[in-house]
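In what follows, a structure is listed as structure tokens, so that the remarks can point back to it.
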Amino acid sequence: MAYFRSHILVCNDPECVEKGSMDLMALLKKEISAQGLENEIQVFETPRIGFCEQGPEIIVYPEGYHYINLQKDDIPFLVEEQFIKGRPVEKWFAPKKPEGAQELREPTTKEVRVVLRNCGKINPINIEDYIAEDGYAALAHVLSDQSPEDVIQIVKDSGLRGRGGAGFPTGLKWEFTRKSAGDQKYVVCNADEGDPGAFMNRAVLEGDPHSVVEGMIIAAYAIGANQGYIYCRAEYPIAVQTAKIAITQAKNYGLLGDDIFGTGFSFELEVRQGAGAFVCGEETALIASIEGKRGEPRPRPPFPAVSGLFDKPTNINNVESYANIPQIILRGPEWYASMGTEKSKGTKTFALAGDVNKTGLIEVPFGITIREIVYDIGSGIKNNRQFKAIQTGGPMGGCLPIEYIDLPVDYEELTKAGSIMGSGGMVVMDDETCMVDIARFFLEFIQDESCGKCVPCRVGTKRMLEILNRICEGNGRDGDIELLENLSAEIIEDSLCGLGKGAPNPVVSTLRFFREEYEAHIYNKECPAKVCRALINYDIDPENCVGCTLCAVNCPVDAIAGERKNTHVIDPDICIRCGICKQVCNYDAVRVT
Amino acid sequence: MNAIKSLEDLKKIREQALEKRKATAVSGSTQVIVGMGTCGIAAGARETMKAVLDFIENNNIENVVVTQTGCIGICEQEPILQIVVGESEKTTYGKASPTVVEKIMQSHVVNGKVYGENEIQI
């Protein structure tokens with residue numbers, strides 16, 4: 001192992017990276033090798049030294065000199081003084097910390113867990129574990145001390161809005177269903193989570209199913225229902241299983257069935273499985289599917305609150321909406337309403353995916369900015385690349401560009417910006433993402449999942465996909481953008497259900513913010529992000545190629561020729577643009593043009 | 001199982017459940033918890049669980065309770081393994097593949113030392 005007399009640690013905290021710490025590190029390495037010191041001084045990254053607000057910062061060991069606010073021009077001077085002449089540059093030192101101060105600043109967490117509070121903490125298939133965490137206490141309280149009207153008022157006061165995506169006030173929905181005439185009423189839980197990349201509801205059903213069951217019993221009491229269904233897709237076998245176990249356990253304790261808590265209130269609950277059609281997340285299609293009919297939507301009104309399952313008044317809420325209810329009852333509507341923004345109260349779970357360092361399931365109060373989600377919770381963009389856009393709301397949502405990074409996330413703000421809240425998918429994209437290709441991906445999904453009942457959605461999305469395909473293949477024509485815009489407007493106007501009305505959204509929002517990318521594809525036959533295969537070429541930079549043959553060995557179609565230790569060449573006629581050569585090259589010699 | 005007919009019944013069950021948790025902690029036994037959501041299983045949690053059970057059997061370890069839990073949301077660290085020894089704080093481990101499980105169990109359960117390499121802060 002080489003012996004280094006000195007080590008330089010460069011802070012790679014997102015805040016420092018934003019201030020250029022990675023460029024600084026590259027410069028440091030360059031300057032150190034220019035001075036012939038590369039075998040004496042080692043440079044590497046470290047997370048969070050502690051003065052990121054005055055970054056970029058570095059720390060030099062073994063002495064522990066801590067430099068802050070370094071600029072690129074400072075590097076040659078710093079290297080000369082510190083490492084050649086051995087004189088630390090005190091004017092750039094970080095201020096001394098007061099005695100006893102903590103070595104590191106604790107990373108502040110911006111998450112608040114209400115719905116997810118038990119997930120990963122309790123054993124989901126053990127009801128006692130849930131009861132130990134105050135489970136079913138809200139139900140006991142409601143049944144013994146409160147009238148259904150009281151419960152509805154509490155939910156209204158909390159400001160809870162439907163977490164399935166549309167954001168309709170939950171308390172109001174319950175009130176409508178309660179007031180609808182009819183002796184038989186139903187509550188239904190929509191657990192048909194179909195957005196690609198979204199798994200919030202699955203995590204709740206798998207990790208804390210009793211919170212959903214308890215929320216549903218409370219809802220049933222409030223609206224006057226005696227039968228409920230959890231509609232979950234068969235693609236979630238573990239969620240189906242945990243929900244069934246939870247129902248059996250609750251029945252054994254008398255928390256479901258006749259005369260719950262000795263109050264005379266009765267409620268039965270069942271799991272119904274769907275086959276995984278995306279449109280069955282739409283409430284009228286979901287109802288049809290539970291009834292055993294083909295999963296197709298029907299026009300509203302009448303809304304399910306008036307005529308829903310088996311033509312009876314039905315309350316449909318999302319998994320997350322129900323899971324919030326016990327906490328709202330126990331901790332009070334004021335507590336819940338104290339989180340969030342003026343019109344969007346409480347917290348929301350999101351599935352954070354895409355090009356961020358820390359993907360996963362998060363729960364945050366409304367009003368948090370996209371920047372906080374991406375950089376503080378998601379730990380920034382992978383491979384130190386640049387943020388390009390964030391896609392919210394699943395396939396029917398929209399892509400928001402960097403101008404919106406400080407947008408507070410709530411129902412109104414997202415809609416105003418041209419996207420939607422949706423059920424909570426969030427896909428972060430870096431600067432190597434082609435927005436036309438992304439629009440095509442989502443439209444392909446929607447086109448595939450269109451149920452085919454109404455013409456605008458069935459035929460319209462098909463035509464839109466054809467246009468997007470030809471644009472990505474380099475055959476885009478003048479007028480295609482306008483055609484897409486016209487079709488989008490028609491489909492939004494004339495479709496029967498939310499799926500069709502949201503279908504053109506990926507195209508509309510990318511056209512709004514990234515129109516120049518569409519134009520580059522159509523008029524210049526060029527993909528600015530270098531993604532669309534028909535519009536790019538791979539070639540080898542003779543400057544960097546050392547003739548190691550790695551690319552030629554890995555090329556699946558033998559498109560690369562060249563002798564060992566000589567520059568290699570890619571034959572564009574054979575090349576299928578798979579990108580493997582670029583991935584395997586250790587010398588950064590493969591270029592995309 | 002007796003039906004819960006009042007708030008008092010519910011409270012009793014809650015007390016019992018908490019009592020049971022406390023008893024496990026006081027007795028000094030070890031709890032090994034594996035994250036078994038769909039995501040965890042897709043990342044190999046079944047193999048992790050098997051490795052835990054195998055280790056316990058092969059080494060004749062006693063006084064260990066193995067349970068499962070759902071997803072805590074840190075996808076890039078799956079499969080997740082958590083260990084609680086007696087009354088001490090819960091330690092969370094990430095990327096607990098079967099080979100890592102062996103090291104964690106040897107270090108934490110047998111020798112009582114947190115296995116730092118795979119420990120994650122949550």
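Ordering of the structure tokens sets the chain letters (A, B, ...), residue numbers begin anew at 1 in every chain, and ligands are numbered from 1 in the order given.
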Next item on the list: Report as an NGL selection string: the residues of chain B with a DSSP assignment of helix (DSSP H, G or I), based on the backbone of this structure.
Entry: :B and (7-26 or 38-42 or 45-58 or 75-77 or 98-110 or 116-118)
Next, the residues of the selection above should be written as a short mmCIF file (atom, residue, chain, number, x, y, z; two decimals), in the first residue's frame with C-alpha atoms.
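File written: result25.cif
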```cif
data_model
loop_
_atom_site.label_atom_id
_atom_site.label_comp_id
_atom_site.auth_asym_id
_atom_site.auth_seq_id
_atom_site.Cartn_x
_atom_site.Cartn_y
_atom_site.Cartn_z
CA LEU B 7 -62.32 0.34 26.41
CA GLU B 8 -61.12 -1.45 29.56
CA ASP B 9 -60.75 -4.73 27.66
CA LEU B 10 -58.70 -2.97 25.00
CA LYS B 11 -56.53 -1.30 27.62
CA LYS B 12 -55.93 -4.65 29.28
CA ILE B 13 -54.71 -6.17 26.03
CA ARG B 14 -52.54 -3.13 25.43
CA GLU B 15 -51.02 -3.46 28.90
CA GLN B 16 -50.43 -7.15 28.34
CA ALA B 17 -48.73 -6.51 25.00
CA LEU B 18 -46.50 -3.83 26.51
CA GLU B 19 -45.80 -6.10 29.48
CA LYS B 20 -44.77 -8.87 27.11
CA ARG B 21 -42.44 -6.51 25.26
CA LYS B 22 -40.91 -5.40 28.52
CA ALA B 23 -40.50 -8.96 29.73
CA THR B 24 -38.63 -9.84 26.53
CA ALA B 25 -36.35 -6.86 27.09
CA VAL B 26 -35.74 -7.51 30.79
CA THR B 38 -42.56 -7.19 -1.03
CA CYS B 39 -39.62 -4.86 -1.62
CA GLY B 40 -37.53 -6.56 1.04
CA ILE B 41 -38.36 -10.00 -0.29
CA ALA B 42 -37.51 -8.90 -3.82
CA ALA B 45 -35.14 -10.94 2.57
CA ARG B 46 -36.22 -14.59 2.41
CA GLU B 47 -32.57 -15.65 2.03
CA THR B 48 -31.71 -13.25 4.86
CA MET B 49 -34.37 -14.79 7.08
CA LYS B 50 -33.15 -18.29 6.22
CA ALA B 51 -29.56 -17.31 6.98
CA VAL B 52 -30.65 -15.98 10.39
CA LEU B 53 -32.54 -19.17 11.23
CA ASP B 54 -29.69 -21.36 9.95
CA PHE B 55 -27.15 -19.45 12.02
CA ILE B 56 -29.24 -19.85 15.14
CA GLU B 57 -29.69 -23.56 14.53
CA ASN B 58 -26.11 -24.33 13.53
CA CYS B 75 -35.04 0.95 -0.48
CA GLU B 76 -31.39 1.26 -1.37
CA GLN B 77 -30.42 -0.56 1.82
CA PRO B 98 -26.68 -14.13 3.85
CA THR B 99 -22.87 -13.76 4.09
CA VAL B 100 -23.25 -10.45 5.89
CA VAL B 101 -25.92 -11.94 8.17
CA GLU B 102 -23.40 -14.48 9.40
CA LYS B 103 -20.95 -11.69 10.31
CA ILE B 104 -23.65 -9.59 11.96
CA MET B 105 -24.97 -12.50 14.01
CA GLN B 106 -21.48 -13.59 15.05
CA SER B 107 -20.51 -10.07 16.06
CA HIS B 108 -23.74 -8.71 17.54
CA VAL B 109 -25.63 -11.73 18.88
CA VAL B 110 -22.72 -13.96 19.88
CA GLY B 116 -20.25 -1.40 12.19
CA GLU B 117 -19.75 -2.09 8.50
CA ASN B 118 -23.42 -2.57 7.70
#
```
Next item on the list: Do me a favour and pick out the residues of chain A within 8 Å of chain B, using only C-alpha atoms, as a PyMOL selection string.
Entry: chain A and resi 116+119-124+128-129+131-134+136-137+140-141+203+206-208+236+238+252-255+260-262+358-362
Check: If we count only C-alpha atoms, what is near range 59-63 of chain B at a cut-off of 9 Å, once residues fewer than 6 positions away on the same chain are taken out, given as a PyMOL selection string?
Finding: chain B and resi 27-31+109-110
Checklist line | Neighbour list for Ala94 in chain A as a list in words, cut-off 10 Å, only C-alpha atoms, skip fewer than 2 positions in-chain | finding: Phe51, Gln54, Gly55, Glu57, Ile58, Ile59, Tyr65, His66, Tyr67, Ile68, Asn69, Glu90, Lys91, Trp92, Lys96 and Lys97 of chain A
Residue subset to file, keeping N, CA, C and O atoms, as a PDB file, in the first residue's frame:
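Listing of result26.pdb after writing:
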```
ATOM      1  N   PHE A  51     -19.332  22.650   7.795  1.00  0.00           N
ATOM      2  CA  PHE A  51     -19.477  24.069   7.504  1.00  0.00           C
ATOM      3  C   PHE A  51     -20.012  24.277   6.088  1.00  0.00           C
ATOM      4  O   PHE A  51     -19.580  25.178   5.381  1.00  0.00           O
ATOM      5  N   GLN A  54     -20.798  27.472   4.338  1.00  0.00           N
ATOM      6  CA  GLN A  54     -19.714  28.302   3.809  1.00  0.00           C
ATOM      7  C   GLN A  54     -18.806  27.477   2.915  1.00  0.00           C
ATOM      8  O   GLN A  54     -17.610  27.729   2.805  1.00  0.00           O
ATOM      9  N   GLY A  55     -19.375  26.454   2.291  1.00  0.00           N
ATOM     10  CA  GLY A  55     -18.592  25.575   1.435  1.00  0.00           C
ATOM     11  C   GLY A  55     -18.227  26.238   0.131  1.00  0.00           C
ATOM     12  O   GLY A  55     -18.615  27.401  -0.078  1.00  0.00           O
ATOM     13  N   GLU A  57     -15.829  23.080   1.225  1.00  0.00           N
ATOM     14  CA  GLU A  57     -14.834  22.992   2.276  1.00  0.00           C
ATOM     15  C   GLU A  57     -14.013  21.723   2.147  1.00  0.00           C
ATOM     16  O   GLU A  57     -14.478  20.733   1.608  1.00  0.00           O
ATOM     17  N   ILE A  58     -12.776  21.825   2.649  1.00  0.00           N
ATOM     18  CA  ILE A  58     -11.928  20.633   2.666  1.00  0.00           C
ATOM     19  C   ILE A  58     -11.243  20.574   4.024  1.00  0.00           C
ATOM     20  O   ILE A  58     -11.217  21.563   4.768  1.00  0.00           O
ATOM     21  N   ILE A  59     -10.697  19.405   4.338  1.00  0.00           N
ATOM     22  CA  ILE A  59      -9.971  19.275   5.581  1.00  0.00           C
ATOM     23  C   ILE A  59      -8.686  18.515   5.257  1.00  0.00           C
ATOM     24  O   ILE A  59      -8.685  17.600   4.433  1.00  0.00           O
ATOM     25  N   TYR A  65      -6.209  20.780   9.268  1.00  0.00           N
ATOM     26  CA  TYR A  65      -6.526  22.142   8.816  1.00  0.00           C
ATOM     27  C   TYR A  65      -7.856  22.124   8.064  1.00  0.00           C
ATOM     28  O   TYR A  65      -8.045  21.321   7.158  1.00  0.00           O
ATOM     29  N   HIS A  66      -8.720  23.018   8.424  1.00  0.00           N
ATOM     30  CA  HIS A  66     -10.064  23.039   7.850  1.00  0.00           C
ATOM     31  C   HIS A  66     -10.243  24.313   7.030  1.00  0.00           C
ATOM     32  O   HIS A  66     -10.293  25.406   7.574  1.00  0.00           O
ATOM     33  N   TYR A  67     -10.287  24.162   5.702  1.00  0.00           N
ATOM     34  CA  TYR A  67     -10.448  25.323   4.823  1.00  0.00           C
ATOM     35  C   TYR A  67     -11.896  25.443   4.369  1.00  0.00           C
ATOM     36  O   TYR A  67     -12.529  24.443   4.036  1.00  0.00           O
ATOM     37  N   ILE A  68     -12.394  26.670   4.315  1.00  0.00           N
ATOM     38  CA  ILE A  68     -13.761  26.853   3.806  1.00  0.00           C
ATOM     39  C   ILE A  68     -13.774  27.897   2.686  1.00  0.00           C
ATOM     40  O   ILE A  68     -12.796  28.622   2.494  1.00  0.00           O
ATOM     41  N   ASN A  69     -14.918  27.927   2.006  1.00  0.00           N
ATOM     42  CA  ASN A  69     -15.170  28.925   0.974  1.00  0.00           C
ATOM     43  C   ASN A  69     -14.042  29.001  -0.042  1.00  0.00           C
ATOM     44  O   ASN A  69     -13.608  30.084  -0.420  1.00  0.00           O
ATOM     45  N   GLU A  90      -3.621  30.363   6.526  1.00  0.00           N
ATOM     46  CA  GLU A  90      -4.539  30.598   7.647  1.00  0.00           C
ATOM     47  C   GLU A  90      -5.726  31.487   7.289  1.00  0.00           C
ATOM     48  O   GLU A  90      -6.775  31.398   7.899  1.00  0.00           O
ATOM     49  N   LYS A  91      -5.559  32.341   6.272  1.00  0.00           N
ATOM     50  CA  LYS A  91      -6.663  33.251   5.951  1.00  0.00           C
ATOM     51  C   LYS A  91      -7.898  32.513   5.436  1.00  0.00           C
ATOM     52  O   LYS A  91      -8.991  33.048   5.435  1.00  0.00           O
ATOM     53  N   TRP A  92      -7.704  31.257   4.981  1.00  0.00           N
ATOM     54  CA  TRP A  92      -8.874  30.512   4.505  1.00  0.00           C
ATOM     55  C   TRP A  92      -9.384  29.506   5.532  1.00  0.00           C
ATOM     56  O   TRP A  92     -10.239  28.676   5.228  1.00  0.00           O
ATOM     57  N   LYS A  96     -12.683  28.963  14.388  1.00  0.00           N
ATOM     58  CA  LYS A  96     -12.591  27.939  15.446  1.00  0.00           C
ATOM     59  C   LYS A  96     -13.963  27.723  16.078  1.00  0.00           C
ATOM     60  O   LYS A  96     -14.712  28.667  16.312  1.00  0.00           O
ATOM     61  N   LYS A  97     -14.258  26.444  16.358  1.00  0.00           N
ATOM     62  CA  LYS A  97     -15.537  26.162  16.998  1.00  0.00           C
ATOM     63  C   LYS A  97     -15.423  26.423  18.489  1.00  0.00           C
ATOM     64  O   LYS A  97     -14.368  26.193  19.075  1.00  0.00           O
TER      65      LYS A  97
END
```
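Neighbouring residues of Gly425 in chain A at 7 Å or closer, counting only C-alpha atoms and skipping chain neighbours under 3 positions away, are Gly197, Ala198, Phe350, Ala351, Leu352, Thr392, Gly393 and Gly394 of chain A.
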Keeping C-alpha atoms for every residue in the selection just given, could you write it to a file as an mmCIF file, in the first residue's frame?
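Saved as part_33.cif:
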```cif
data_model
loop_
_atom_site.group_PDB
_atom_site.id
_atom_site.type_symbol
_atom_site.label_atom_id
_atom_site.label_comp_id
_atom_site.auth_asym_id
_atom_site.auth_seq_id
_atom_site.Cartn_x
_atom_site.Cartn_y
_atom_site.Cartn_z
ATOM 1 C CA GLY A 197 -42.881 3.210 -9.332
ATOM 2 C CA ALA A 198 -45.436 3.930 -6.585
ATOM 3 C CA PHE A 350 -44.284 9.676 -1.557
ATOM 4 C CA ALA A 351 -42.377 6.975 -3.362
ATOM 5 C CA LEU A 352 -39.163 8.758 -4.269
ATOM 6 C CA THR A 392 -45.056 13.853 -9.935
ATOM 7 C CA GLY A 393 -48.437 12.171 -9.847
ATOM 8 C CA GLY A 394 -47.704 8.986 -11.745
#
```
Notebook entry, point to check: Which distance in Å separates CA of Ala181 in chain A and CA of Phe303 in chain A, to one decimal?
Noted result: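 Computing the Euclidean distance for CA of Ala181 in chain A and CA of Phe303 in chain A yields 13.4 Å.
Taking CA of Gly562 in chain A as the reference point, CA of Lys582 in chain A is found at 16.0 Å.
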